[in-house]
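Novice: File model-v4.cif below, mmCIF, C-alpha atoms:
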```cif
data_protein
loop_
_atom_site.group_PDB
_atom_site.id
_atom_site.type_symbol
_atom_site.label_atom_id
_atom_site.label_comp_id
_atom_site.auth_asym_id
_atom_site.auth_seq_id
_atom_site.Cartn_x
_atom_site.Cartn_y
_atom_site.Cartn_z
ATOM 1 C CA MET A 22 93.373 -0.090 -73.233
ATOM 2 C CA ASN A 23 93.353 -1.346 -76.778
ATOM 3 C CA GLU A 24 95.674 -4.355 -76.696
ATOM 4 C CA THR A 25 94.404 -7.883 -77.071
ATOM 5 C CA PRO A 26 95.013 -9.663 -73.775
ATOM 6 C CA SER A 27 96.819 -12.977 -73.761
ATOM 7 C CA LEU A 28 96.297 -15.222 -70.743
ATOM 8 C CA GLY A 29 100.018 -15.839 -70.281
ATOM 9 C CA GLU A 30 100.882 -12.141 -70.528
ATOM 10 C CA VAL A 31 98.121 -11.117 -68.120
ATOM 11 C CA GLN A 32 99.251 -13.729 -65.601
ATOM 12 C CA LYS A 33 102.886 -12.635 -65.958
ATOM 13 C CA ARG A 34 101.836 -9.020 -65.444
ATOM 14 C CA THR A 35 99.880 -10.100 -62.357
ATOM 15 C CA ALA A 36 102.923 -11.926 -60.970
ATOM 16 C CA ARG A 37 105.173 -8.943 -61.706
ATOM 17 C CA LEU A 38 102.803 -6.538 -59.977
ATOM 18 C CA LEU A 39 102.402 -8.932 -57.072
ATOM 19 C CA SER A 40 106.078 -9.704 -56.440
ATOM 20 C CA TYR A 41 108.544 -7.576 -58.378
ATOM 21 C CA GLU A 42 107.057 -4.096 -58.877
ATOM 22 C CA ASP A 43 108.029 -2.631 -55.492
ATOM 23 C CA GLY A 44 111.689 -3.726 -55.467
ATOM 24 C CA LEU A 45 111.333 -5.395 -52.053
ATOM 25 C CA TRP A 46 112.265 -8.801 -53.427
ATOM 26 C CA ASP A 47 115.435 -7.242 -54.899
ATOM 27 C CA LEU A 48 116.231 -5.608 -51.555
ATOM 28 C CA LEU A 49 115.796 -8.935 -49.758
ATOM 29 C CA LEU A 50 118.017 -10.711 -52.291
ATOM 30 C CA GLY A 51 120.664 -7.966 -52.187
ATOM 31 C CA THR A 52 120.650 -8.062 -48.370
ATOM 32 C CA THR A 53 121.111 -11.849 -48.419
ATOM 33 C CA PHE A 54 124.152 -11.619 -50.684
ATOM 34 C CA MET A 55 125.553 -8.640 -48.747
ATOM 35 C CA LEU A 56 125.322 -10.764 -45.586
ATOM 36 C CA LEU A 57 127.182 -13.513 -47.441
ATOM 37 C CA ALA A 58 129.831 -10.946 -48.473
ATOM 38 C CA ILE A 59 130.540 -9.981 -44.843
ATOM 39 C CA TYR A 60 130.177 -13.608 -43.677
ATOM 40 C CA PRO A 61 133.986 -14.289 -43.619
ATOM 41 C CA ILE A 62 134.668 -11.222 -41.452
ATOM 42 C CA THR A 63 131.932 -11.903 -38.902
ATOM 43 C CA ARG A 64 133.012 -15.555 -38.770
ATOM 44 C CA GLU A 65 136.479 -14.390 -37.866
ATOM 45 C CA TRP A 66 135.019 -12.304 -35.021
ATOM 46 C CA LEU A 67 132.323 -14.624 -33.745
ATOM 47 C CA GLY A 68 133.374 -18.144 -34.663
ATOM 48 C CA PRO A 69 131.421 -20.421 -37.005
ATOM 49 C CA GLU A 70 128.457 -21.323 -34.750
ATOM 50 C CA TRP A 71 127.598 -17.818 -33.555
ATOM 51 C CA ASN A 72 128.240 -16.466 -37.023
ATOM 52 C CA LEU A 73 125.739 -18.895 -38.544
ATOM 53 C CA ALA A 74 123.246 -17.942 -35.820
ATOM 54 C CA LEU A 75 123.801 -14.260 -36.608
ATOM 55 C CA PHE A 76 123.422 -14.921 -40.349
ATOM 56 C CA ILE A 77 120.138 -16.786 -39.885
ATOM 57 C CA GLY A 78 118.906 -14.178 -37.389
ATOM 58 C CA LEU A 79 119.643 -11.316 -39.785
ATOM 59 C CA LEU A 80 117.984 -13.204 -42.641
ATOM 60 C CA LEU A 81 114.860 -13.694 -40.520
ATOM 61 C CA LEU A 82 114.924 -10.009 -39.584
ATOM 62 C CA ALA A 83 115.241 -9.017 -43.254
ATOM 63 C CA ALA A 84 112.351 -11.341 -44.166
ATOM 64 C CA THR A 85 110.193 -9.860 -41.372
ATOM 65 C CA VAL A 86 110.922 -6.313 -42.556
ATOM 66 C CA TYR A 87 110.097 -7.444 -46.109
ATOM 67 C CA PHE A 88 106.658 -8.706 -45.089
ATOM 68 C CA LEU A 89 105.923 -5.666 -42.911
ATOM 69 C CA VAL A 90 106.853 -3.201 -45.666
ATOM 70 C CA ARG A 91 104.803 -5.170 -48.182
ATOM 71 C CA HIS A 92 101.798 -5.067 -45.886
ATOM 72 C CA TRP A 93 102.020 -1.420 -44.806
ATOM 73 C CA VAL A 94 103.669 0.283 -47.795
ATOM 74 C CA SER A 95 103.185 -1.769 -50.984
ATOM 75 C CA ALA A 96 99.698 -3.229 -50.504
ATOM 76 C CA PRO A 97 97.955 0.160 -50.036
ATOM 77 C CA ARG A 98 99.564 1.281 -53.305
ATOM 78 C CA LEU A 99 99.609 -1.800 -55.521
ATOM 79 C CA GLY A 100 96.539 -3.552 -54.198
ATOM 80 C CA PHE A 101 95.869 -6.710 -52.281
ATOM 81 C CA VAL A 102 95.739 -10.244 -53.650
ATOM 82 C CA ARG A 103 95.181 -13.669 -52.123
ATOM 83 C CA ALA A 104 96.962 -16.330 -54.118
ATOM 84 C CA ARG A 105 95.125 -19.330 -55.463
ATOM 85 C CA TRP A 106 97.050 -22.415 -54.463
ATOM 86 C CA THR A 107 96.807 -24.808 -57.356
ATOM 87 C CA PRO A 108 99.145 -27.825 -57.544
ATOM 88 C CA ALA A 109 101.114 -25.965 -60.258
ATOM 89 C CA THR A 110 101.662 -22.822 -58.135
ATOM 90 C CA LYS A 111 102.631 -24.924 -55.109
ATOM 91 C CA TRP A 112 105.110 -26.799 -57.269
ATOM 92 C CA ILE A 113 106.618 -23.585 -58.703
ATOM 93 C CA LEU A 114 106.941 -22.083 -55.203
ATOM 94 C CA ALA A 115 108.524 -25.230 -53.762
ATOM 95 C CA VAL A 116 111.023 -25.512 -56.624
ATOM 96 C CA THR A 117 111.905 -21.798 -56.427
ATOM 97 C CA ILE A 118 112.501 -21.941 -52.648
ATOM 98 C CA ALA A 119 114.505 -25.165 -52.982
ATOM 99 C CA LEU A 120 116.699 -23.762 -55.765
ATOM 100 C CA VAL A 121 117.328 -20.430 -54.025
ATOM 101 C CA ALA A 122 118.217 -22.316 -50.801
ATOM 102 C CA LEU A 123 120.491 -24.554 -52.848
ATOM 103 C CA THR A 124 122.159 -21.496 -54.413
ATOM 104 C CA VAL A 125 122.825 -19.854 -51.025
ATOM 105 C CA GLY A 126 123.902 -23.215 -49.590
ATOM 106 C CA LEU A 127 126.351 -23.817 -52.437
ATOM 107 C CA VAL A 128 127.863 -20.357 -51.965
ATOM 108 C CA ILE A 129 128.327 -21.021 -48.239
ATOM 109 C CA VAL A 130 129.683 -24.546 -48.671
ATOM 110 C CA THR A 131 132.026 -23.973 -51.600
ATOM 111 C CA LEU A 132 133.181 -20.442 -50.902
ATOM 112 C CA LEU A 133 132.764 -19.627 -47.247
ATOM 113 C CA SER A 134 133.095 -22.957 -45.496
ATOM 114 C CA PRO A 135 136.791 -22.956 -44.466
ATOM 115 C CA VAL A 136 136.958 -22.242 -40.767
ATOM 116 C CA ALA A 137 139.914 -20.127 -39.666
ATOM 117 C CA PRO A 138 141.690 -21.670 -36.697
ATOM 118 C CA ALA A 139 142.432 -19.585 -33.621
ATOM 119 C CA SER A 140 146.204 -19.854 -34.076
ATOM 120 C CA PRO A 141 148.016 -18.749 -37.233
ATOM 121 C CA ALA A 142 148.567 -21.575 -39.669
ATOM 122 C CA PRO A 143 149.763 -21.877 -43.234
ATOM 123 C CA ALA A 144 147.135 -20.750 -45.735
ATOM 124 C CA VAL A 145 147.179 -24.107 -47.473
ATOM 125 C CA SER A 146 145.770 -25.820 -44.370
ATOM 126 C CA LEU A 147 142.698 -23.559 -44.497
ATOM 127 C CA THR A 148 141.770 -24.663 -47.971
ATOM 128 C CA PRO A 149 139.219 -27.481 -48.049
ATOM 129 C CA VAL A 150 139.184 -30.067 -50.775
ATOM 130 C CA ARG A 151 137.321 -28.400 -53.592
ATOM 131 C CA THR A 152 137.069 -29.190 -57.216
ATOM 132 C CA TYR A 153 136.278 -26.891 -60.069
ATOM 133 C CA LEU A 154 133.500 -29.233 -61.091
ATOM 134 C CA VAL A 155 131.540 -28.332 -57.963
ATOM 135 C CA GLU A 156 132.113 -24.639 -58.557
ATOM 136 C CA ILE A 157 131.078 -24.769 -62.184
ATOM 137 C CA VAL A 158 127.936 -26.673 -61.216
ATOM 138 C CA ALA A 159 127.237 -24.043 -58.539
ATOM 139 C CA LEU A 160 127.700 -21.245 -61.092
ATOM 140 C CA LEU A 161 125.388 -22.940 -63.589
ATOM 141 C CA VAL A 162 122.766 -23.583 -60.923
ATOM 142 C CA GLN A 163 122.753 -19.908 -59.962
ATOM 143 C CA VAL A 164 122.449 -18.731 -63.562
ATOM 144 C CA ALA A 165 119.791 -21.372 -64.291
ATOM 145 C CA VAL A 166 117.688 -20.503 -61.214
ATOM 146 C CA PHE A 167 117.568 -16.795 -61.990
ATOM 147 C CA SER A 168 117.119 -17.334 -65.737
ATOM 148 C CA ALA A 169 114.197 -19.690 -65.124
ATOM 149 C CA MET A 170 112.580 -17.171 -62.779
ATOM 150 C CA ALA A 171 113.163 -14.363 -65.313
ATOM 151 C CA TYR A 172 111.459 -16.410 -68.018
ATOM 152 C CA VAL A 173 108.548 -17.730 -65.945
ATOM 153 C CA PHE A 174 107.681 -14.388 -64.335
ATOM 154 C CA GLY A 175 108.669 -12.169 -67.293
ATOM 155 C CA VAL A 176 111.168 -10.122 -65.248
ATOM 156 C CA PRO A 177 114.263 -9.578 -67.458
ATOM 157 C CA ARG A 178 116.447 -8.098 -64.695
ATOM 158 C CA LEU A 179 116.594 -11.539 -63.065
ATOM 159 C CA PHE A 180 118.792 -12.694 -65.990
ATOM 160 C CA LEU A 181 121.232 -9.959 -64.972
ATOM 161 C CA TYR A 182 121.055 -11.073 -61.335
ATOM 162 C CA GLY A 183 121.907 -14.635 -62.324
ATOM 163 C CA TRP A 184 125.066 -13.586 -64.138
ATOM 164 C CA LEU A 185 125.953 -10.998 -61.481
ATOM 165 C CA VAL A 186 125.723 -13.470 -58.625
ATOM 166 C CA GLY A 187 127.204 -16.358 -60.626
ATOM 167 C CA GLY A 188 130.072 -14.205 -61.925
ATOM 168 C CA ALA A 189 130.754 -12.722 -58.480
ATOM 169 C CA TYR A 190 130.830 -16.222 -57.038
ATOM 170 C CA LEU A 191 133.375 -17.456 -59.599
ATOM 171 C CA VAL A 192 135.606 -14.362 -59.223
ATOM 172 C CA SER A 193 135.428 -14.806 -55.432
ATOM 173 C CA VAL A 194 136.669 -18.383 -55.736
ATOM 174 C CA ILE A 195 139.602 -17.218 -57.860
ATOM 175 C CA LEU A 196 140.456 -14.260 -55.596
ATOM 176 C CA TYR A 197 139.903 -15.622 -52.113
ATOM 177 C CA ARG A 198 140.467 -19.348 -52.307
ATOM 178 C CA GLY A 199 142.475 -20.262 -49.239
ATOM 179 C CA GLY A 200 143.206 -16.614 -48.472
ATOM 180 C CA PRO A 201 142.567 -14.671 -45.269
ATOM 181 C CA ALA A 202 139.027 -13.831 -44.181
ATOM 182 C CA VAL A 203 138.181 -10.509 -45.796
ATOM 183 C CA PHE A 204 135.114 -8.750 -47.115
ATOM 184 C CA ASN A 205 134.054 -10.599 -50.264
ATOM 185 C CA LEU A 206 134.301 -7.714 -52.710
ATOM 186 C CA PRO A 207 132.807 -9.335 -55.864
ATOM 187 C CA LEU A 208 129.804 -10.649 -53.918
ATOM 188 C CA GLY A 209 129.513 -7.293 -52.136
ATOM 189 C CA LEU A 210 129.534 -5.438 -55.462
ATOM 190 C CA ALA A 211 126.894 -7.759 -56.932
ATOM 191 C CA ALA A 212 124.781 -7.315 -53.799
ATOM 192 C CA GLY A 213 125.302 -3.551 -54.006
ATOM 193 C CA VAL A 214 124.050 -3.442 -57.607
ATOM 194 C CA ILE A 215 120.981 -5.535 -56.682
ATOM 195 C CA LEU A 216 120.309 -3.305 -53.648
ATOM 196 C CA LEU A 217 120.605 -0.157 -55.788
ATOM 197 C CA ILE A 218 118.137 -1.569 -58.328
ATOM 198 C CA GLY A 219 115.808 -2.481 -55.440
ATOM 199 C CA VAL A 220 115.977 1.018 -53.974
ATOM 200 C CA GLY A 221 115.346 2.509 -57.418
ATOM 201 C CA LEU A 222 112.298 0.291 -57.932
ATOM 202 C CA LEU A 223 110.967 1.090 -54.449
ATOM 203 C CA VAL A 224 111.281 4.833 -55.076
ATOM 204 C CA ARG A 225 109.634 4.431 -58.489
ATOM 205 C CA MET A 226 106.778 2.447 -56.949
ATOM 206 C CA LEU A 227 106.255 5.092 -54.237
ATOM 207 C CA ARG A 228 106.073 7.804 -56.907
ATOM 208 C CA LYS A 229 104.045 5.901 -59.474
ATOM 209 C CA TYR A 230 101.447 4.421 -57.143
ATOM 210 C CA PRO A 231 100.155 6.874 -54.541
ATOM 211 C CA VAL A 232 98.082 5.513 -51.664
ATOM 212 C CA GLN A 233 94.447 5.301 -52.705
ATOM 213 C CA SER A 234 91.389 3.266 -52.011
ATOM 214 C CA VAL A 235 89.138 2.235 -54.857
ATOM 215 C CA GLU A 236 85.444 1.680 -54.428
ATOM 216 C CA VAL A 237 83.708 -0.172 -57.217
ATOM 217 C CA MET B 134 95.665 -18.221 -95.173
ATOM 218 C CA ALA B 135 93.544 -20.959 -93.627
ATOM 219 C CA LYS B 136 89.855 -20.107 -93.192
ATOM 220 C CA PRO B 137 87.882 -21.114 -90.126
ATOM 221 C CA SER B 138 85.518 -24.015 -90.795
ATOM 222 C CA GLN B 139 81.733 -23.475 -91.066
ATOM 223 C CA ALA B 140 81.254 -25.207 -87.721
ATOM 224 C CA GLY B 141 83.901 -22.927 -86.222
ATOM 225 C CA LEU B 142 82.112 -19.833 -87.520
ATOM 226 C CA ARG B 143 78.824 -21.036 -86.017
ATOM 227 C CA GLU B 144 80.639 -21.497 -82.695
ATOM 228 C CA LEU B 145 81.921 -17.916 -82.889
ATOM 229 C CA GLY B 146 78.352 -16.649 -83.274
ATOM 230 C CA GLY B 147 77.437 -18.178 -79.942
ATOM 231 C CA VAL B 148 80.392 -16.814 -78.003
ATOM 232 C CA ASP B 149 79.601 -15.274 -74.605
ATOM 233 C CA ARG B 150 79.667 -11.531 -75.255
ATOM 234 C CA VAL B 151 80.017 -10.670 -71.589
ATOM 235 C CA VAL B 152 83.342 -12.512 -71.558
ATOM 236 C CA HIS B 153 84.361 -11.565 -75.111
ATOM 237 C CA GLU B 154 84.875 -7.846 -74.398
ATOM 238 C CA PRO B 155 88.702 -7.375 -74.007
ATOM 239 C CA ALA B 156 88.650 -5.380 -70.753
ATOM 240 C CA ARG B 157 86.224 -7.812 -69.087
ATOM 241 C CA LEU B 158 88.212 -10.752 -70.403
ATOM 242 C CA MET B 159 91.312 -9.273 -68.830
ATOM 243 C CA ILE B 160 89.567 -8.827 -65.463
ATOM 244 C CA LEU B 161 88.302 -12.405 -65.628
ATOM 245 C CA MET B 162 91.727 -13.752 -66.547
ATOM 246 C CA ILE B 163 93.410 -11.951 -63.648
ATOM 247 C CA LEU B 164 90.784 -13.232 -61.209
ATOM 248 C CA TYR B 165 91.090 -16.700 -62.775
ATOM 249 C CA GLY B 166 94.716 -16.909 -61.579
ATOM 250 C CA VAL B 167 94.126 -15.748 -57.984
ATOM 251 C CA ARG B 168 91.754 -16.580 -55.126
ATOM 252 C CA GLU B 169 90.662 -12.963 -54.753
ATOM 253 C CA ALA B 170 91.998 -9.492 -55.460
ATOM 254 C CA ASP B 171 90.982 -6.006 -54.452
ATOM 255 C CA ALA B 172 89.798 -3.355 -56.889
ATOM 256 C CA LEU B 173 93.047 -1.419 -56.551
ATOM 257 C CA PHE B 174 95.070 -4.407 -57.723
ATOM 258 C CA LEU B 175 92.742 -4.869 -60.694
ATOM 259 C CA LEU B 176 93.048 -1.183 -61.515
ATOM 260 C CA ASN B 177 96.853 -1.421 -61.597
ATOM 261 C CA ALA B 178 96.974 -4.787 -63.364
ATOM 262 C CA THR B 179 94.503 -3.909 -66.127
ATOM 263 C CA GLU B 180 95.560 -0.260 -66.509
ATOM 264 C CA LEU B 181 91.895 0.645 -66.942
ATOM 265 C CA THR B 182 90.456 3.874 -65.604
ATOM 266 C CA TRP B 183 88.336 3.835 -62.431
ATOM 267 C CA GLY B 184 85.143 4.434 -64.384
ATOM 268 C CA ASN B 185 85.838 1.697 -66.905
ATOM 269 C CA LEU B 186 86.800 -0.805 -64.227
ATOM 270 C CA SER B 187 83.685 -0.023 -62.238
ATOM 271 C CA SER B 188 81.365 -0.399 -65.220
ATOM 272 C CA HIS B 189 82.951 -3.671 -66.382
ATOM 273 C CA VAL B 190 82.892 -5.140 -62.877
ATOM 274 C CA SER B 191 79.202 -4.216 -62.604
ATOM 275 C CA LYS B 192 78.443 -6.087 -65.838
ATOM 276 C CA LEU B 193 80.395 -9.126 -64.655
ATOM 277 C CA GLU B 194 78.581 -9.028 -61.326
ATOM 278 C CA GLU B 195 75.206 -8.804 -63.077
ATOM 279 C CA ALA B 196 76.137 -11.841 -65.188
ATOM 280 C CA GLY B 197 77.000 -13.713 -61.987
ATOM 281 C CA TYR B 198 80.631 -14.184 -62.992
ATOM 282 C CA VAL B 199 82.195 -12.090 -60.245
ATOM 283 C CA GLU B 200 81.453 -11.719 -56.554
ATOM 284 C CA VAL B 201 82.064 -8.310 -54.984
ATOM 285 C CA ASP B 202 82.618 -7.902 -51.240
ATOM 286 C CA LYS B 203 82.797 -4.428 -49.801
ATOM 287 C CA GLY B 204 84.591 -4.335 -46.502
ATOM 288 C CA PHE B 205 87.271 -2.559 -44.549
ATOM 289 C CA ALA B 206 91.001 -3.072 -44.080
ATOM 290 C CA GLY B 207 91.517 -1.290 -40.793
ATOM 291 C CA LYS B 208 89.661 1.976 -41.293
ATOM 292 C CA LYS B 209 90.034 2.050 -45.060
ATOM 293 C CA PRO B 210 87.374 0.669 -47.385
ATOM 294 C CA ARG B 211 88.442 -2.308 -49.477
ATOM 295 C CA THR B 212 86.479 -3.937 -52.295
ATOM 296 C CA MET B 213 87.441 -7.564 -52.821
ATOM 297 C CA LEU B 214 86.544 -9.399 -56.026
ATOM 298 C CA ARG B 215 86.587 -13.076 -56.792
ATOM 299 C CA LEU B 216 85.475 -15.293 -59.644
ATOM 300 C CA THR B 217 82.353 -17.364 -59.054
ATOM 301 C CA ALA B 218 82.056 -20.963 -60.206
ATOM 302 C CA ALA B 219 79.928 -19.708 -63.123
ATOM 303 C CA GLY B 220 82.641 -17.172 -63.982
ATOM 304 C CA ARG B 221 85.332 -19.831 -63.979
ATOM 305 C CA ARG B 222 83.168 -22.042 -66.194
ATOM 306 C CA ALA B 223 82.481 -19.107 -68.540
ATOM 307 C CA VAL B 224 86.213 -18.471 -68.994
ATOM 308 C CA ASP B 225 86.863 -22.162 -69.644
ATOM 309 C CA ASP B 226 83.992 -22.323 -72.163
ATOM 310 C CA TYR B 227 85.145 -19.142 -73.880
ATOM 311 C CA ARG B 228 88.670 -20.465 -74.203
ATOM 312 C CA GLY B 229 87.402 -23.761 -75.620
ATOM 313 C CA THR B 230 85.098 -22.019 -78.082
ATOM 314 C CA MET B 231 87.773 -19.663 -79.353
ATOM 315 C CA GLN B 232 90.345 -22.419 -79.670
ATOM 316 C CA ALA B 233 87.919 -24.616 -81.596
ATOM 317 C CA ALA B 234 86.711 -21.774 -83.820
ATOM 318 C CA LEU B 235 90.150 -20.504 -84.738
ATOM 319 C CA LYS B 236 91.728 -23.926 -85.183
ATOM 320 C CA LYS B 237 93.218 -24.290 -88.625
ATOM 321 C CA PRO B 238 91.554 -26.962 -90.756
ATOM 322 C CA GLY B 239 93.617 -30.145 -90.601
ATOM 323 C CA ALA B 240 95.289 -29.114 -87.335
ATOM 324 C CA ARG B 241 94.894 -31.534 -84.448
#
```
Now, as a test, write the supplied structure out as structure tokens.
Specialist:
Amino acid sequence: MNETPSLGEVQKRTARLLSYEDGLWDLLLGTTFMLLAIYPITREWLGPEWNLALFIGLLLLAATVYFLVRHWVSAPRLGFVRARWTPATKWILAVTIALVALTVGLVIVTLLSPVAPASPAPAVSLTPVRTYLVEIVALLVQVAVFSAMAYVFGVPRLFLYGWLVGGAYLVSVILYRGGPAVFNLPLGLAAGVILLIGVGLLVRMLRKYPVQSVEV
Amino acid sequence: MAKPSQAGLRELGGVDRVVHEPARLMILMILYGVREADALFLLNATELTWGNLSSHVSKLEEAGYVEVDKGFAGKKPRTMLRLTAAGRRAVDDYRGTMQAALKKPGAR
């Protein structure tokens, strides 16, 4: 090791190792957007209330699997850290959670909210009142959230995720606005790319960091 | 190129050499940002070798900057490290000293 350490770079490297090295975060994100992609189909089958319950249940399941895999697979390879909760870290965490929730919420509200009635009806009656302003704001929020995370944590692939998800969202609006409930292909493709990257990172982590215990 | 002031150079002479060594500084800076971390995490984060990490942690422990707890996670041994109050103060002092010493004359 012959580089001069900079506090910011060391802390970014710590955050990367802690959260983004094993690809689990990417898998969780990809799963979330894949669930959103199949959301219109399951809503058609189950109705809006049960579909929302299923969506939340699957999200909770995915989050549980995420924490279990981190504990049993990643931690023995990457090491174990207890975070120090300063006001700044609490603030960053709260803002990140709020913005990601806002992003998912905006996708649901602006893209997936129309509820298909039981009886056939003209497509125009399924279309809620939406304006492009809301959609452009939603797109910008998504790109801004991921870009900010990419910059703060030093993880460049999050820039790509921002444009992938934002672009998929906009294409979805153009393709499916007021149409029948089908699999949301653009969102599914974006989720698929994120899932593939996550799997690749997980495999790389498993190869690069074998299980070991260090005694100092 | 701006030269450091005489006072700045005197400050540099008194810098804490335990902290000043790059590998130890890196360990301290990682521990500065977390509550505690195990040796494996430090090994991966610093990209030091086992031997180097062990020797630097020993020096930091001797200086009273780092606390080392050897325990078990299940049946596997786990060495947890955390910064002491003295260690945190040493990093803050070091940062202040270096910033003051390397400040360009006339800069605020």
Novice: Using CA of Trp106 (chain A) and CA of Thr230 (chain B) as the two end points, give the distance in Å to one decimal.
Specialist: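 Computing it gives 26.5 Å between the two atoms.
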Novice: Quick one: of A:Ile157, A:Ser168, A:Gly213, A:Ala83, who's nearest to Met55 (chain A), counting all atoms listed in the file?
Specialist: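 Nearest to Met55 (chain A): A:Gly213.
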Novice: Do me a favour and pick out the residues of chain B within 7 Å of chain A, using all atoms listed in the file, as a PyMOL selection string.
Specialist: chain B and resi 155+159+162-163+166-174+177-178+181+187+210-212
Novice: So the first atom is CA of Val173 (chain A) and the second is CA of Val86 (chain A); what is the distance between them in Å, to one decimal place?
Specialist: 26.1 Å
Novice: Have a look at CA of Lys203 (chain B) and CA of Leu45 (chain A) and let me know their distance in Å, one decimal.
Specialist: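 CA of Leu45 (chain A) lies 28.6 Å from CA of Lys203 (chain B).
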Novice: Would you list the contacts of region 74-76 of chain A as a CSV table (one decimal) with C-alpha atoms, in the coordinates of the input, taking every protein, DNA or RNA residue within 12 Å and counting all atoms listed in the file, but skipping same-chain residues closer than 2 positions in sequence?
Specialist:
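New file selection.csv:
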```
chain,number,residue,atom,x,y,z
A,52,THR,CA,120.6,-8.1,-48.4
A,53,THR,CA,121.1,-11.8,-48.4
A,54,PHE,CA,124.2,-11.6,-50.7
A,55,MET,CA,125.6,-8.6,-48.7
A,56,LEU,CA,125.3,-10.8,-45.6
A,57,LEU,CA,127.2,-13.5,-47.4
A,58,ALA,CA,129.8,-10.9,-48.5
A,59,ILE,CA,130.5,-10.0,-44.8
A,60,TYR,CA,130.2,-13.6,-43.7
A,61,PRO,CA,134.0,-14.3,-43.6
A,62,ILE,CA,134.7,-11.2,-41.5
A,63,THR,CA,131.9,-11.9,-38.9
A,64,ARG,CA,133.0,-15.6,-38.8
A,66,TRP,CA,135.0,-12.3,-35.0
A,67,LEU,CA,132.3,-14.6,-33.7
A,68,GLY,CA,133.4,-18.1,-34.7
A,69,PRO,CA,131.4,-20.4,-37.0
A,70,GLU,CA,128.5,-21.3,-34.8
A,71,TRP,CA,127.6,-17.8,-33.6
A,72,ASN,CA,128.2,-16.5,-37.0
A,78,GLY,CA,118.9,-14.2,-37.4
A,79,LEU,CA,119.6,-11.3,-39.8
A,80,LEU,CA,118.0,-13.2,-42.6
A,81,LEU,CA,114.9,-13.7,-40.5
A,82,LEU,CA,114.9,-10.0,-39.6
A,83,ALA,CA,115.2,-9.0,-43.3
A,125,VAL,CA,122.8,-19.9,-51.0
A,129,ILE,CA,128.3,-21.0,-48.2
```
Novice: Pick from A:Trp46, A:Phe167, A:Tyr41, A:Tyr172: nearest to Ala84 (chain A), with only C-alpha atoms counted?
Specialist: A:Trp46
Novice: Of the candidates A:Val166, A:Val192, A:Val90, A:Ala115, which shows the shortest atom-to-atom distance to Leu48 (chain A), using only C-alpha atoms?
Specialist: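 Among the listed residues, the smallest separation from Leu48 (chain A) belongs to A:Val90.
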Novice: Hey, what's within 9 Å of region 194-198 of chain B if we count all atoms listed in the file and toss same-chain stuff fewer than 3 positions away? As a PyMOL selection string, please?
Specialist: chain B and resi 151+161+189-191+201+215-223
Novice: Draw an axis-aligned box over all listed atoms of region 214-230 of chain B, pad each side with 8 Å, and write its centre and edge lengths in Å, one decimal, as AutoDock Vina command-line options.
Specialist:
```
--center_x 84.3 --center_y -16.6 --center_z -67.1 --size_x 24.7 --size_y 30.4 --size_z 38.1
```
Novice: For Gly175 (chain A), which of A:His92, A:Val155, A:Glu30, A:Tyr197 is the closest residue, counting only C-alpha atoms?
Specialist: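 Selected residue with least distance to Gly175 (chain A): A:Glu30.
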Novice: Please export region 198-213 of chain B as a JSON list (two decimals), in the first residue's frame, restricted to C-alpha atoms.
Specialist:
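Written output follows (out29.json):
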```json
[["chain", "number", "residue", "atom", "x", "y", "z"],
["B", 198, "TYR", "CA", -5.56, 4.78, 20.30],
["B", 199, "VAL", "CA", -7.35, 1.53, 19.52],
["B", 200, "GLU", "CA", -9.17, -0.98, 21.69],
["B", 201, "VAL", "CA", -9.02, -4.63, 20.63],
["B", 202, "ASP", "CA", -11.63, -7.16, 21.77],
["B", 203, "LYS", "CA", -11.10, -10.80, 20.98],
["B", 204, "GLY", "CA", -14.30, -12.76, 21.03],
["B", 205, "PHE", "CA", -16.38, -15.24, 19.12],
["B", 206, "ALA", "CA", -19.15, -14.96, 16.54],
["B", 207, "GLY", "CA", -20.82, -18.32, 16.98],
["B", 208, "LYS", "CA", -17.89, -20.73, 16.99],
["B", 209, "LYS", "CA", -15.59, -18.54, 14.92],
["B", 210, "PRO", "CA", -13.10, -16.15, 16.50],
["B", 211, "ARG", "CA", -13.72, -12.48, 15.80],
["B", 212, "THR", "CA", -11.43, -9.57, 16.68],
["B", 213, "MET", "CA", -13.32, -6.31, 17.05]]
```
